[in-house]
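Working notes for the structure below.
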Amino acid sequence: MTAQPACSVTEVPEGTAHRAVIDGVPIAVVHTEGQWFAVSDICSHADVSLSEGDVDGCTLECWLHGSRFDLRTGRPSGPPATTPIPTYPVSVEGDTVFVTVA
Ligand code: FES
């Protein structure tokens, strides 16, 4: 388990998500309500990028069909997605966001 640099904090303003790829794994880095989260960037319903969706509190909404994923657990709050997305440990050191994928 190694934390790896994902992006700069300046790339992820409050209330937004940013796509990063670590070891070939697409990640959505999210900055919301003063907290940082890292989840899979791929929706569990279809192969679309969640970082292009809307951040609302501790949720990330898929732009295609509207399922909302809890950033703390990865669980969708409603259909059509039924499967949780992976979540990853995230930390900030200086102006760099680190994510642990594996
Ligand atoms: S592709 Fe995300 S909810 Fe359908």
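Order determines the names: the first chain of the structure tokens is A, the second B, and so forth; residues in each chain are numbered 1 upward, and ligands are numbered 1 upward as they are shown.
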Per residue of chain A within 6 Å of ligand 1, note the shortest atom pair and the distance in Å to one decimal, counting only C-alpha atoms and all ligand atoms, and order the rows by chain and increasing residue number, as a tab-separated table.
residue	atom	partner	partner_atom_place_in_ligand_line	distance
A:Cys43	CA	ligand 1	2 (Fe)	4.8
A:His45	CA	ligand 1	1 (S)	4.7
A:Ala46	CA	ligand 1	1 (S)	4.1
A:Val48	CA	ligand 1	1 (S)	5.7
A:Cys62	CA	ligand 1	2 (Fe)	4.7
A:Leu64	CA	ligand 1	1 (S)	5.1
A:His65	CA	ligand 1	3 (S)	4.1
A:Gly66	CA	ligand 1	3 (S)	5.3
A:Ser67	CA	ligand 1	3 (S)	4.6
A:Pro80	CA	ligand 1	3 (S)	5.4
A:Ala81	CA	ligand 1	3 (S)	5.1
Using N, CA and C atoms, can you write the selected residues to a file as a PDB file, in the first residue's frame?
ATOM      1  N   CYS A  43     -18.302   4.784 -13.239  1.00  0.00           N
ATOM      2  CA  CYS A  43     -19.603   4.448 -12.665  1.00  0.00           C
ATOM      3  C   CYS A  43     -19.790   2.934 -12.671  1.00  0.00           C
ATOM      4  N   HIS A  45     -22.553   1.488 -13.065  1.00  0.00           N
ATOM      5  CA  HIS A  45     -23.684   1.158 -13.941  1.00  0.00           C
ATOM      6  C   HIS A  45     -23.264   1.057 -15.401  1.00  0.00           C
ATOM      7  N   ALA A  46     -22.389   1.959 -15.837  1.00  0.00           N
ATOM      8  CA  ALA A  46     -21.869   1.915 -17.202  1.00  0.00           C
ATOM      9  C   ALA A  46     -20.506   2.597 -17.200  1.00  0.00           C
ATOM     10  N   VAL A  48     -18.717   5.234 -17.694  1.00  0.00           N
ATOM     11  CA  VAL A  48     -18.614   6.684 -17.880  1.00  0.00           C
ATOM     12  C   VAL A  48     -17.849   7.281 -16.695  1.00  0.00           C
ATOM     13  N   CYS A  62     -23.617  10.690 -10.890  1.00  0.00           N
ATOM     14  CA  CYS A  62     -23.289  10.287 -12.258  1.00  0.00           C
ATOM     15  C   CYS A  62     -24.080  11.155 -13.235  1.00  0.00           C
ATOM     16  N   LEU A  64     -24.748  10.623 -16.309  1.00  0.00           N
ATOM     17  CA  LEU A  64     -25.513   9.968 -17.369  1.00  0.00           C
ATOM     18  C   LEU A  64     -26.930   9.593 -16.926  1.00  0.00           C
ATOM     19  N   HIS A  65     -27.053   8.905 -15.776  1.00  0.00           N
ATOM     20  CA  HIS A  65     -28.391   8.479 -15.340  1.00  0.00           C
ATOM     21  C   HIS A  65     -28.744   8.947 -13.933  1.00  0.00           C
ATOM     22  N   GLY A  66     -27.832   9.672 -13.295  1.00  0.00           N
ATOM     23  CA  GLY A  66     -28.202  10.338 -12.055  1.00  0.00           C
ATOM     24  C   GLY A  66     -28.048   9.574 -10.753  1.00  0.00           C
ATOM     25  N   SER A  67     -27.452   8.383 -10.768  1.00  0.00           N
ATOM     26  CA  SER A  67     -27.194   7.728  -9.484  1.00  0.00           C
ATOM     27  C   SER A  67     -26.202   8.577  -8.692  1.00  0.00           C
ATOM     28  N   PRO A  80     -30.127   4.010 -11.301  1.00  0.00           N
ATOM     29  CA  PRO A  80     -30.013   2.622 -11.754  1.00  0.00           C
ATOM     30  C   PRO A  80     -28.779   1.881 -11.232  1.00  0.00           C
ATOM     31  N   ALA A  81     -27.782   2.566 -10.713  1.00  0.00           N
ATOM     32  CA  ALA A  81     -26.624   1.846 -10.189  1.00  0.00           C
ATOM     33  C   ALA A  81     -27.014   1.117  -8.903  1.00  0.00           C
TER      34      ALA A  81
END
Could you make a table, as a Markdown table, of the residues of region 46-65 of chain A that have an atom within 10 Å of an atom of region 69-75 of chain A, each with its nearest atom pair and distance in Å to one decimal, counting only C-alpha atoms, in chain and number order?
| residue | atom | partner | partner_atom | distance |
| --- | --- | --- | --- | --- |
| A:Leu50 | CA | A:Phe69 | CA | 9.3 |
| A:Val55 | CA | A:Leu71 | CA | 9.5 |
| A:Asp56 | CA | A:Asp70 | CA | 9.8 |
| A:Gly57 | CA | A:Leu71 | CA | 9.1 |
| A:Cys58 | CA | A:Leu71 | CA | 5.5 |
| A:Thr59 | CA | A:Asp70 | CA | 4.6 |
| A:Leu60 | CA | A:Phe69 | CA | 5.2 |
| A:Glu61 | CA | A:Phe69 | CA | 6.2 |
| A:Cys62 | CA | A:Phe69 | CA | 7.8 |
Residues within 8 Å of region 22-35 of chain A, please, as a list in words. Count only C-alpha atoms; anything in the same chain fewer than 5 positions from it doesn't count. Gln4, Ala6, Val12, Pro13, Glu14, Gly15, Thr16, Ala17, Ser40, Asp41, Ile42, Leu50, Ser51, Val55, Asp56, Gly57, Cys58 and Val101 of chain A
Could you turn the residues from that selection into a file that holds N, CA, C and O atoms, as a compact mmCIF listing (two decimals), in the first residue's frame?
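That gives us part06.txt:
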# COMPACT_ATOMS: atom_id res chain seq x y z
N GLN A 4 0.39 7.54 -3.56
CA GLN A 4 1.04 8.11 -4.74
C GLN A 4 0.41 9.45 -5.08
O GLN A 4 -0.79 9.66 -4.88
N ALA A 6 -1.52 12.18 -6.84
CA ALA A 6 -2.60 12.11 -7.82
C ALA A 6 -2.74 13.42 -8.59
O ALA A 6 -2.96 13.42 -9.81
N VAL A 12 -8.21 20.96 -7.96
CA VAL A 12 -9.50 20.49 -7.47
C VAL A 12 -10.12 21.52 -6.53
O VAL A 12 -10.07 21.38 -5.30
N PRO A 13 -10.70 22.58 -7.08
CA PRO A 13 -11.35 23.57 -6.22
C PRO A 13 -12.48 22.94 -5.41
O PRO A 13 -13.05 21.91 -5.81
N GLU A 14 -12.77 23.55 -4.29
CA GLU A 14 -13.89 23.10 -3.44
C GLU A 14 -15.15 22.88 -4.28
O GLU A 14 -15.51 23.72 -5.11
N GLY A 15 -15.79 21.73 -4.08
CA GLY A 15 -17.04 21.44 -4.78
C GLY A 15 -16.86 20.83 -6.16
O GLY A 15 -17.80 20.77 -6.93
N THR A 16 -15.63 20.35 -6.44
CA THR A 16 -15.39 19.76 -7.76
C THR A 16 -14.72 18.39 -7.64
O THR A 16 -14.24 18.00 -6.58
N ALA A 17 -14.69 17.70 -8.79
CA ALA A 17 -14.01 16.41 -8.89
C ALA A 17 -12.98 16.51 -10.01
O ALA A 17 -13.17 17.24 -10.99
N SER A 40 -13.41 5.43 -7.33
CA SER A 40 -13.27 5.04 -8.73
C SER A 40 -13.89 6.10 -9.63
O SER A 40 -14.94 6.66 -9.31
N ASP A 41 -13.24 6.38 -10.75
CA ASP A 41 -13.81 7.36 -11.67
C ASP A 41 -14.81 6.72 -12.62
O ASP A 41 -15.41 7.41 -13.44
N ILE A 42 -14.99 5.41 -12.51
CA ILE A 42 -15.90 4.72 -13.43
C ILE A 42 -17.19 4.35 -12.70
O ILE A 42 -17.16 3.65 -11.68
N LEU A 50 -17.13 9.45 -13.67
CA LEU A 50 -17.89 10.12 -12.60
C LEU A 50 -17.36 11.51 -12.29
O LEU A 50 -18.09 12.37 -11.79
N SER A 51 -16.07 11.76 -12.58
CA SER A 51 -15.51 13.08 -12.27
C SER A 51 -16.14 14.17 -13.15
O SER A 51 -15.95 15.35 -12.89
N VAL A 55 -20.75 17.32 -7.85
CA VAL A 55 -20.48 17.09 -6.44
C VAL A 55 -21.55 17.81 -5.63
O VAL A 55 -21.84 18.98 -5.87
N ASP A 56 -22.15 17.08 -4.68
CA ASP A 56 -23.16 17.70 -3.81
C ASP A 56 -22.95 17.16 -2.40
O ASP A 56 -23.28 16.00 -2.12
N GLY A 57 -22.38 17.97 -1.53
CA GLY A 57 -22.06 17.49 -0.19
C GLY A 57 -21.11 16.31 -0.30
O GLY A 57 -20.09 16.39 -0.98
N CYS A 58 -21.44 15.22 0.36
CA CYS A 58 -20.58 14.03 0.32
C CYS A 58 -21.04 13.04 -0.73
O CYS A 58 -20.87 11.82 -0.57
N VAL A 101 -3.88 3.40 -4.01
CA VAL A 101 -4.74 2.53 -4.82
C VAL A 101 -4.50 1.07 -4.47
O VAL A 101 -5.44 0.27 -4.41
Expressed in Å to a single decimal, how great is the separation between CA of Pro76 (chain A) and CA of Phe37 (chain A)?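 Answer for the CA of Pro76 (chain A) to CA of Phe37 (chain A) separation: 15.4 Å.
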Could you give me the residues within region 15-50 of chain A that DSSP places in strand (DSSP E), as a PyMOL selection string? chain A and resi 16-22+25-32+35-40
Restrict the selected residues to C-alpha atoms and save them as a PDB file, in the first residue's frame.
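Full text of out.pdb as output:
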ATOM      1  CA  THR A  16     -15.390  19.756  -7.762  1.00  0.00           C
ATOM      2  CA  ALA A  17     -14.005  16.413  -8.892  1.00  0.00           C
ATOM      3  CA  HIS A  18     -10.812  15.788 -10.849  1.00  0.00           C
ATOM      4  CA  ARG A  19      -9.810  12.710 -12.841  1.00  0.00           C
ATOM      5  CA  ALA A  20      -6.430  11.148 -12.142  1.00  0.00           C
ATOM      6  CA  VAL A  21      -4.950   7.827 -13.247  1.00  0.00           C
ATOM      7  CA  ILE A  22      -2.741   5.888 -10.839  1.00  0.00           C
ATOM      8  CA  VAL A  25      -6.658   2.914 -12.311  1.00  0.00           C
ATOM      9  CA  PRO A  26      -8.929   5.883 -13.066  1.00  0.00           C
ATOM     10  CA  ILE A  27      -9.664   7.843  -9.904  1.00  0.00           C
ATOM     11  CA  ALA A  28     -12.026  10.711  -9.147  1.00  0.00           C
ATOM     12  CA  VAL A  29     -10.407  13.008  -6.570  1.00  0.00           C
ATOM     13  CA  VAL A  30     -13.109  15.080  -4.886  1.00  0.00           C
ATOM     14  CA  HIS A  31     -12.814  18.164  -2.702  1.00  0.00           C
ATOM     15  CA  THR A  32     -16.008  19.023  -0.865  1.00  0.00           C
ATOM     16  CA  GLN A  35     -12.711  17.195   2.951  1.00  0.00           C
ATOM     17  CA  TRP A  36     -10.922  15.147   0.322  1.00  0.00           C
ATOM     18  CA  PHE A  37     -12.130  11.866  -1.153  1.00  0.00           C
ATOM     19  CA  ALA A  38     -10.894   9.429  -3.780  1.00  0.00           C
ATOM     20  CA  VAL A  39     -13.210   6.976  -5.490  1.00  0.00           C
ATOM     21  CA  SER A  40     -13.275   5.039  -8.732  1.00  0.00           C
TER      22      SER A  40
END
For CA of Val9 (chain A) and CA of Tyr88 (chain A), determine how far apart the two atoms are, in Å to one decimal place.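 Distance reported for this atom pair: 16.9 Å.
Residues in contact range of Ser8 (chain A), defined as at most 8 Å between only C-alpha atoms, with sequence neighbours fewer than 2 positions away removed, read Ala6, Thr10, Glu11, Val12, Asp95, Thr96 and Val97 of chain A.
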Hey, can you check how far CA of Ile85 (chain A) sits from CA of Ser44 (chain A)?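 These two atoms are separated by 6.0 Å.
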